[in-house]
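Visitor: I have a structure I would like to understand better, so I am pasting it below and will then ask my questions one at a time.
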Amino acid sequence: MKIIDTSIQPRKIQTNSMEKFRADFPILKLKINDKPLIYLDSAASSQMPQVVIDRLVHYQTAQHANINRAVYYLSEIATSEYEGARHKLQKFINAREDREVIFTSGTTDSINLVMHGYGRKFIKAGDEIILTTLEHHSNIVPWQMLAEETGAKIRIVPINDKGELLIDAYEKLFNKRTKFVGLIHVSNALGTINPIKQMIAFAHLHHVPVLIDGAQAAPHIKVDVQDLDCDFYAFSAHKLCGPTGVGMLYGKAAQLEAMQPFKGGGDMIASVTFEKTTYNVIPHKFEAGTPPIAAAIGFGAAIDYLSTIGMDKIHLYELDLLNYATELINDIPGVHIVGNAINKTAVLSFVVDGIHPHDIGTLLNQEGIAVRTGHHCAQPVMQRFNIPATSRASFAFYNNKLEVDALIAGIRKVQKVFL
Amino acid sequence: MKIIDTSIQPRKIQTNSMEKFRADFPILKLKINDKPLIYLDSAASSQMPQVVIDRLVHYQTAQHANINRAVYYLSEIATSEYEGARHKLQKFINAREDREVIFTSGTTDSINLVMHGYGRKFIKAGDEIILTTLEHHSNIVPWQMLAEETGAKIRIVPINDKGELLIDAYEKLFNKRTKFVGLIHVSNALGTINPIKQMIAFAHLHHVPVLIDGAQAAPHIKVDVQDLDCDFYAFSAHKLCGPTGVGMLYGKAAQLEAMQPFKGGGDMIASVTFEKTTYNVIPHKFEAGTPPIAAAIGFGAAIDYLSTIGMDKIHLYELDLLNYATELINDIPGVHIVGNAINKTAVLSFVVDGIHPHDIGTLLNQEGIAVRTGHHCAQPVMQRFNIPATSRASFAFYNNKLEVDALIAGIRKVQKVFL
Amino acid sequence: MNTKSLYQEVILDHNRKPRNYGTLNEASHHAVGHNPLCGDRLDVALNLENDHIDDIAFQGESCAICKASASMMTTAVKGKPLTDVETLIQEFREMAIGKLDLESPHHLGRLTVFSGIRDLPTRVKCAILPWHTLHAALNSVTTTSTEARNDPVHATAGKA
Amino acid sequence: MNTKSLYQEVILDHNRKPRNYGTLNEASHHAVGHNPLCGDRLDVALNLENDHIDDIAFQGESCAICKASASMMTTAVKGKPLTDVETLIQEFREMAIGKLDLESPHHLGRLTVFSGIRDLPTRVKCAILPWHTLHAALNSVTTTSTEARNDPVHATAGKA
Ligand SMILES: Cc1ncc(COP(=O)(O)O)c(C=O)c1O
Ligand SMILES: Cc1ncc(COP(=O)(O)O)c(C=O)c1O
């Protein structure tokens with residue numbers, strides 16, 4: 001497959017002020033099979049703007065050392081940049097304090113931290129954990145592992161045919177054995193935005209803590225953890241224009257302090273002897289070993305970048321793309337959108353009569369179009385709709401309507417091949 | 001503190017062929033307080049050569065997508081580069097197969113994986129785990145957590161005044177309750193290279209598996225896991241000229257297959273329903289969620305870089321530096337090296353009569369010299385020598401004798417301040 | 001690489017009208033192949049008589065590549081002696097991962113329409129799954145997976 | 001930043017010959033301060049009489065900055081009324097993290113030799129530990145740590 005890296009000037013089809021940000025992403029200038037890359041898989045991982053790449057390079061060329069404890073310049077600057085990134089995240093999600101923000105290696109790591117730190121300490125045989133049909137595997141499997149270990153039970157919130165949670169059913173699941181709720185903010189498979197604020201408030205009426213998997217929400221809508229009042233909130237940098245290998249867990253200070261550590265090692269301890277080890281204060285108690293220093297600093301730079309644009313502006317722009325694409329896709333005979341919730345982010349899962357998603361993915365790639373095909377790590381959603389897989393186009397603020405048009409043309413072309 | 005980033009030409013004092021590699025490290029051209037940076041803290045974290053930085057930038061600008069399952073070009077290239085990095089590691093440590101190499105977020109994560117995956121499955125109340133006085137906190141605290149949870153006991157191999165393990169005492173610790181050995185290959189605090197091959201063979205006589213913490217060995221000496229016959233071997237990329245946020249765990253396939261998963265999430269499963277989830281094969285079973293893709297690829301590039309130089313050549317060069325520095329430091333009245341093992345890597349821990357390590361660190365920084373001061377996450381070693389902390393200069397192949405001279409002059413200058 | 005050439009008429013035709021699709025009333029050998037990464041599932045049943053494949057059928061939901069590969073596989077192996085079938089399995093696998101020199105003598109015949117698959121690493125498994133399942137059936141493994149490691153077919157395919 | 005100016009004669013002198021070093025026979029207040037990051041440990045004992053610090057002593061192993069800071073602290077607060085001591089604690093803390101305008105009126109006097117510490121974030125805790133421990137003693141907390149979060153002195157110092 002040939003890749004020609006030439007700067008192509010995107011034709012201006014709209015005077016939308018978002019268009020200029022597109023130029024910040026060097027990878028979008030790639031050509032695939034002599035066609036401009038049309039990247040519609042940001043829900044799996046977003047691309048990185050030049051300013052974040054530059055930040056990473058600057059770190060490696062002028063600031064790198066291991067953090068904490070050392071008294072020399074590089075270590076001091078690396079430490080303060082790393083803690084500075086934590087502070088940017090605190091502001092970004094409106095946490096009360098920096099120490100409520102824990103750096104992890106990603107959403108999956110964050111959720112496992114809560115499972116080990118909270119779940120294994122407080123959840124016992126017979127207790128119930130509420131999850132939803134919409135959860136990503138990363139918010140299912142850890143709780144299944146816990147259930148298997150402890151004898152706790154998992155209860156599932158069902159969805160309707162549009163892909164929306166049934167709130168009545170959710171509320172009926174609560175009883176005095178309910179000890180934890182794990183809830184996806186935005187479905188990665190369908191795009192559904194769940195009414196989590198109301199659901200959290202209901203759980204709190206029953207004194208049940210709630211973990212929000214925000215992997216698909218934080219990149220697209222403004223998140224305010226104090227307003228939501230969630231106990232935990234998790235997401236990954238690599239879906240927010242940041243690097244792979246880093247994510248964050250927000251936790252209310254009181255919850256984090258009550259929890260047991262997840263991983264043991266350096267920096268998470270106050271003192272170690274073979275007889276007795278005392279743990280450090282939060283957030284350090286949960287950051288064992290050398291953290292992803294560079295990636296955390298890149299995460300901070302990505303947060304700065306997104307904040308400059310403004311999450312509200314991003315959300316509105318992406319909604320416009322979603323509506324445009326939804327309308328056009330619905331016009332194609334034989335193509336069916338899976339997931340038609342009233343509240344959605346710009347995710348379009350679809351199936352095409354008589355054509356397997358993998359064949360669609362391969363043939364769209366031939367047109368330079370990158371969509372994801374498969375179960376999207378959300379097999380329970382697929383089972384609910386009785387399909388093995390979908391094709392999924394997911395949009396970011398750096399996409400535009402020209403690309404939507406190309407997707408539509410691409411799908412029609414695939415259909416012709418199979419005529 | 002002023003930083004002036006000008007390319008200074010290192011004076012050629014030796015015709016050693018290693019000198020040319022120094023120029024590959026852009027950060028070594030920094031000035032600190034108008035003095036050239038003299039970086040002697042590679043045991044905490046090494047610096048990154050331009051070729052690895054370039055690899056990371058290339059990934060972000062032309063190859064990034066989430067790996068696994070997607071059928072479009074970027075995802076395929078990212079997947080194959082990621083798996084290619086695994087293959088480089090397999091070759092580097094001479095593992096039998098790629099699937100014996102698991103990407104983790106670092107040594108600490110690797111050891112915790114073994115604790116959760118092996119320890120929590122196979123180690124029970126009354127069982128004994130053997131560790132050594134030389135262990136880094138990352139190979140102590142996880143086992144203490146396990147001991148607390150299960151009721152297992154930790155037994156400690158003592159050291160002599162030179163910082164060498166007492167092998168007789170080690171062998172006497174074995175009995176039929178012994179179920180696991182955790183062993184540091186090279187001490188980060190003292191530099192001692194332990195006779196692990198012999199120790200592993202002895203443990204195997206008792207059918208006890210052995211985990212080697214190779215964080216300080218892999219960057220400096222050739223590691224051959226088949227020759228060592230260890231069951232597990234762990235190290236971090238950031239000490240091998242690679243990025244923070246990624247590390248690896250080698251495990252014998254049979255051990256890894258018998259273990260339970262550590263973290264639950266995407267990609268580590270074969271299929272998920274709320275009733276029953278089946279796990280994926282190794283290595284995937286242990287790589288839940290989006291891994292540090294960029295960092296793993298950078299890790300691979302760093303391995304290539306080091307392999308081009310040759311680990312044997314690196315070892316010999318660093319030994320020469322160590323001997324040179326040891327002699328000069330021993331010449332300074334009032335300065336005492338802590339750790340005088342016969343077999344050492346280029347780590348010099350020292351104390352100075354009447355001067356606290358922190359004051360030494362701060363005053364050396366004034367001269368542009370970066371050394372680490374503190375307990376080096378090895379408090380049991382400090383307790384053994386009855387000191388709270390040391391100053392530690394650690395050398396890499398990109399250091400030279402000029403820098404050793406500067407360190408010696410720096411220490412003498414610090415002593416003068418306190419006269 | 002031109003993906004279009006992969007989706008040739010012959011493949012599309014076999015996808016539309018798969019040959020030997022269904023079940024056998026009596027099968028001496030049988031296996032289910034599964035590709036967990038895309039959810040595809042394939043049933044292969046066959047009757048071995050005097051070391052010849054007397055009859056064979058397949059069934060299942062899958063992508064076009066996989067279905068056409070299964071369909072063409074059944075027509076290729078039907079009536080063939082076991083040793084020839086083993087050769088075909090081996091050659092097809094090598095072609096799929098780009099290790100077969102198509103200029104040198106081989107026995108794949110029209111099966112070479114799948115040669116383009118080597119340029120699509122994620123799709124290699126789709127083309128191989130039927131062959132992988134046939135191999136499992138012949139070796140009396142009743143369920144298999146493209147992720148199963150002990151199978152020699154996959155062991156190499158996995159590296160593609 | 002010139003670190004040398006921090007290691008001034010006056011600090012080095014207090015390090016060599018710490019004042020009020022030792023214990024008190026009778027102490028109305030007492031606290032142990034600990035900096036887990038470097039292992040330093042400091043004992044501060046004092047006698048409060050009529051809301052004045054009648055006597056004070058310290059003891060412990062630490063770096064020069066910490067020992068000199070403790071020594072100069074004891075001489076500065078000895079005989080002072082509690083309210084003045086609270087002001088000094090506050091001002092010293094602000095100076096250490098670079099938040100005190102040294103041109104404006106303050107009460108630190110010779111304690112300003114520590115002003116350079118603001119340029120050495122990792123050493124700020126060394127200078128503050130004695131003051132932090134004094135504050136804990138006065139508030140009847142018997143052991144404290146530079147990592148303890150609930151203490152207002154540290155709460156801000158931790159951000160430095
Ligand atoms: C011997 C040893 N083991 C383990 C570690 C922990 O490595 P990391 O912090 O990369 O997880 C280190 C690094 O400080 C080390 O020196
Ligand atoms: C909703 C949701 N949760 C969790 C995850 C897992 O994130 P990561 O793979 O970064 O750990 C993802 C990403 O695929 C996701 O979409």
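By convention here, the chains of the structure tokens are called A, B, ... in the order presented, each chain's residues are numbered starting at 1, and ligands are numbered starting at 1 in the order presented.
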Using only C-alpha atoms and all ligand atoms, which protein or nucleic acid residues are at most 8 Å from ligand 2, as number ranges by chain?
Guide: A: 43-45, 105-110, 135-139, 184-189, 213-216, 235-239, 244-245, 247, 376-377; B: 265-266, 288-291
Visitor: Going by DSSP on the backbone, which residues of stretch 271-385 of chain A come out as strand (DSSP E)? List them as a list in words.
Guide: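 The strand (DSSP E) subset of stretch 271-385 of chain A is Ser271, Val272, Thr277, Thr278, Tyr279, Val335, His336, Ile337, Val338, Val347, Leu348, Ser349, Phe350, Val351, Val352, Ile369, Ala370, Arg372, Thr373 and Gly374 of chain A.
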Visitor: Only residues of chain A matter here; which ones have an atom within 7 Å of chain D, counting only C-alpha atoms? Give them as a ChimeraX atom specification.
Guide: /A:69,71,76,270-271
Visitor: Any idea what the distance is between atom CA of B:Glu100 and atom CA of B:His207?
Guide: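 A separation of 20.2 Å between them.
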Visitor: Let's see if you can do this: from backbone DSSP, list all alpha helix (DSSP H) residues in stretch 31-72 of chain C, as an NGL selection string.
Guide: :C and (64-72)
Visitor: Emit the selected residues as a compact mmCIF listing (two decimals), in the first residue's frame, including all heavy atoms.
Guide:
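Contents of out_30.txt, freshly written:
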# COMPACT_ATOMS: atom_id res chain seq x y z
N ALA C 64 -17.43 -12.07 2.83
CA ALA C 64 -17.37 -12.59 1.47
C ALA C 64 -16.09 -13.38 1.21
O ALA C 64 -16.10 -14.42 0.57
CB ALA C 64 -17.48 -11.44 0.46
N ILE C 65 -15.00 -12.87 1.71
CA ILE C 65 -13.71 -13.55 1.51
C ILE C 65 -13.76 -14.94 2.11
O ILE C 65 -13.35 -15.93 1.48
CB ILE C 65 -12.58 -12.74 2.20
CG1 ILE C 65 -12.52 -11.31 1.66
CG2 ILE C 65 -11.24 -13.46 2.08
CD1 ILE C 65 -11.91 -11.16 0.32
N CYS C 66 -14.28 -15.02 3.32
CA CYS C 66 -14.32 -16.28 4.02
C CYS C 66 -15.28 -17.25 3.33
O CYS C 66 -14.97 -18.43 3.12
CB CYS C 66 -14.72 -16.04 5.47
SG CYS C 66 -14.76 -17.53 6.47
N LYS C 67 -16.43 -16.75 2.94
CA LYS C 67 -17.43 -17.62 2.35
C LYS C 67 -16.95 -18.13 0.99
O LYS C 67 -17.07 -19.32 0.69
CB LYS C 67 -18.77 -16.88 2.21
CG LYS C 67 -19.93 -17.82 1.94
CD LYS C 67 -21.25 -17.06 1.75
CE LYS C 67 -21.95 -16.78 3.06
NZ LYS C 67 -23.21 -16.03 2.88
N ALA C 68 -16.38 -17.23 0.20
CA ALA C 68 -15.88 -17.65 -1.11
C ALA C 68 -14.72 -18.62 -0.95
O ALA C 68 -14.61 -19.61 -1.70
CB ALA C 68 -15.45 -16.43 -1.92
N SER C 69 -13.88 -18.36 0.02
CA SER C 69 -12.76 -19.26 0.26
C SER C 69 -13.27 -20.65 0.64
O SER C 69 -12.75 -21.67 0.15
CB SER C 69 -11.87 -18.68 1.37
OG SER C 69 -10.88 -19.60 1.75
N ALA C 70 -14.30 -20.70 1.48
CA ALA C 70 -14.87 -21.98 1.90
C ALA C 70 -15.49 -22.69 0.71
O ALA C 70 -15.29 -23.90 0.50
CB ALA C 70 -15.92 -21.75 3.00
N SER C 71 -16.23 -21.94 -0.07
CA SER C 71 -16.90 -22.52 -1.23
C SER C 71 -15.89 -23.10 -2.21
O SER C 71 -16.00 -24.26 -2.64
CB SER C 71 -17.76 -21.43 -1.90
OG SER C 71 -18.29 -21.90 -3.10
N MET C 72 -14.89 -22.33 -2.54
CA MET C 72 -13.88 -22.80 -3.49
C MET C 72 -13.05 -23.93 -2.90
O MET C 72 -12.59 -24.82 -3.63
CB MET C 72 -13.00 -21.64 -3.95
CG MET C 72 -13.80 -20.65 -4.82
SD MET C 72 -12.82 -19.23 -5.37
CE MET C 72 -11.72 -20.01 -6.56
Visitor: So, counting only C-alpha atoms and all ligand atoms, which residue among A:Glu81, A:Asp267, A:Asp312, A:Asp353 is closest to ligand 1?
Guide: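 Looking only at the distances to ligand 1, the closest residue turns out to be A:Asp267.
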Visitor: One number please: atom CA of C:Pro18 to atom CA of A:Arg412, in Å, one decimal.
Guide: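 Interatomic distance, atom CA of C:Pro18 to atom CA of A:Arg412: 24.0 Å.
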Visitor: Hey, can you check how far atom CA of B:Met268 sits from atom CA of B:Gly117?
Guide: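 One can read the atom CA of B:Met268 to atom CA of B:Gly117 distance as 13.4 Å.
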Visitor: Which residue out of A:Asn323, A:Asn365, A:Ser394, A:Asn340 has the minimum interatomic distance to chain B when only C-alpha atoms are used?
Guide: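 Selected residue with least distance to chain B: A:Asn365.
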Visitor: Which one of A:Lys344, A:Arg177, A:Lys401, A:Lys263 sits closest to ligand 1 if you count only C-alpha atoms and all ligand atoms?
Guide: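 Distance minimum relative to ligand 1 lands on A:Lys263.
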Visitor: With a distance cut-off of 10 Å and only C-alpha atoms, select the neighbouring residues of A:Lys121, excluding the residue or stretch itself and same-chain residues fewer than 5 positions from it, and output the selection as a JSON list (two decimals) with N, CA, C and O atoms, in the first residue's frame.
Guide:
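And here is the file that came out, selection25.json:
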[["chain", "number", "residue", "atom", "x", "y", "z"],
["A", 114, "VAL", "N", -10.18, 0.76, 40.29],
["A", 114, "VAL", "CA", -11.36, 0.86, 41.16],
["A", 114, "VAL", "C", -11.83, -0.54, 41.58],
["A", 114, "VAL", "O", -12.19, -0.77, 42.74],
["A", 115, "MET", "N", -11.78, -1.47, 40.65],
["A", 115, "MET", "CA", -12.18, -2.84, 40.99],
["A", 115, "MET", "C", -11.29, -3.38, 42.11],
["A", 115, "MET", "O", -11.79, -3.88, 43.13],
["A", 116, "HIS", "N", -9.98, -3.25, 41.96],
["A", 116, "HIS", "CA", -9.07, -3.79, 42.98],
["A", 116, "HIS", "C", -9.07, -2.96, 44.26],
["A", 116, "HIS", "O", -9.03, -3.49, 45.36],
["A", 258, "ALA", "N", -10.19, 5.88, 51.32],
["A", 258, "ALA", "CA", -10.68, 4.66, 51.97],
["A", 258, "ALA", "C", -10.21, 3.40, 51.24],
["A", 258, "ALA", "O", -10.22, 2.31, 51.81],
["A", 259, "MET", "N", -9.80, 3.54, 50.00],
["A", 259, "MET", "CA", -9.48, 2.38, 49.18],
["A", 259, "MET", "C", -8.12, 1.79, 49.51],
["A", 259, "MET", "O", -7.25, 2.45, 50.05],
["A", 260, "GLN", "N", -7.94, 0.52, 49.13],
["A", 260, "GLN", "CA", -6.62, -0.09, 49.23],
["A", 260, "GLN", "C", -5.86, 0.18, 47.94],
["A", 260, "GLN", "O", -6.46, 0.39, 46.90],
["A", 261, "PRO", "N", -4.53, 0.18, 48.01],
["A", 261, "PRO", "CA", -3.77, 0.42, 46.78],
["A", 261, "PRO", "C", -4.00, -0.70, 45.78],
["A", 261, "PRO", "O", -4.42, -1.80, 46.15]]
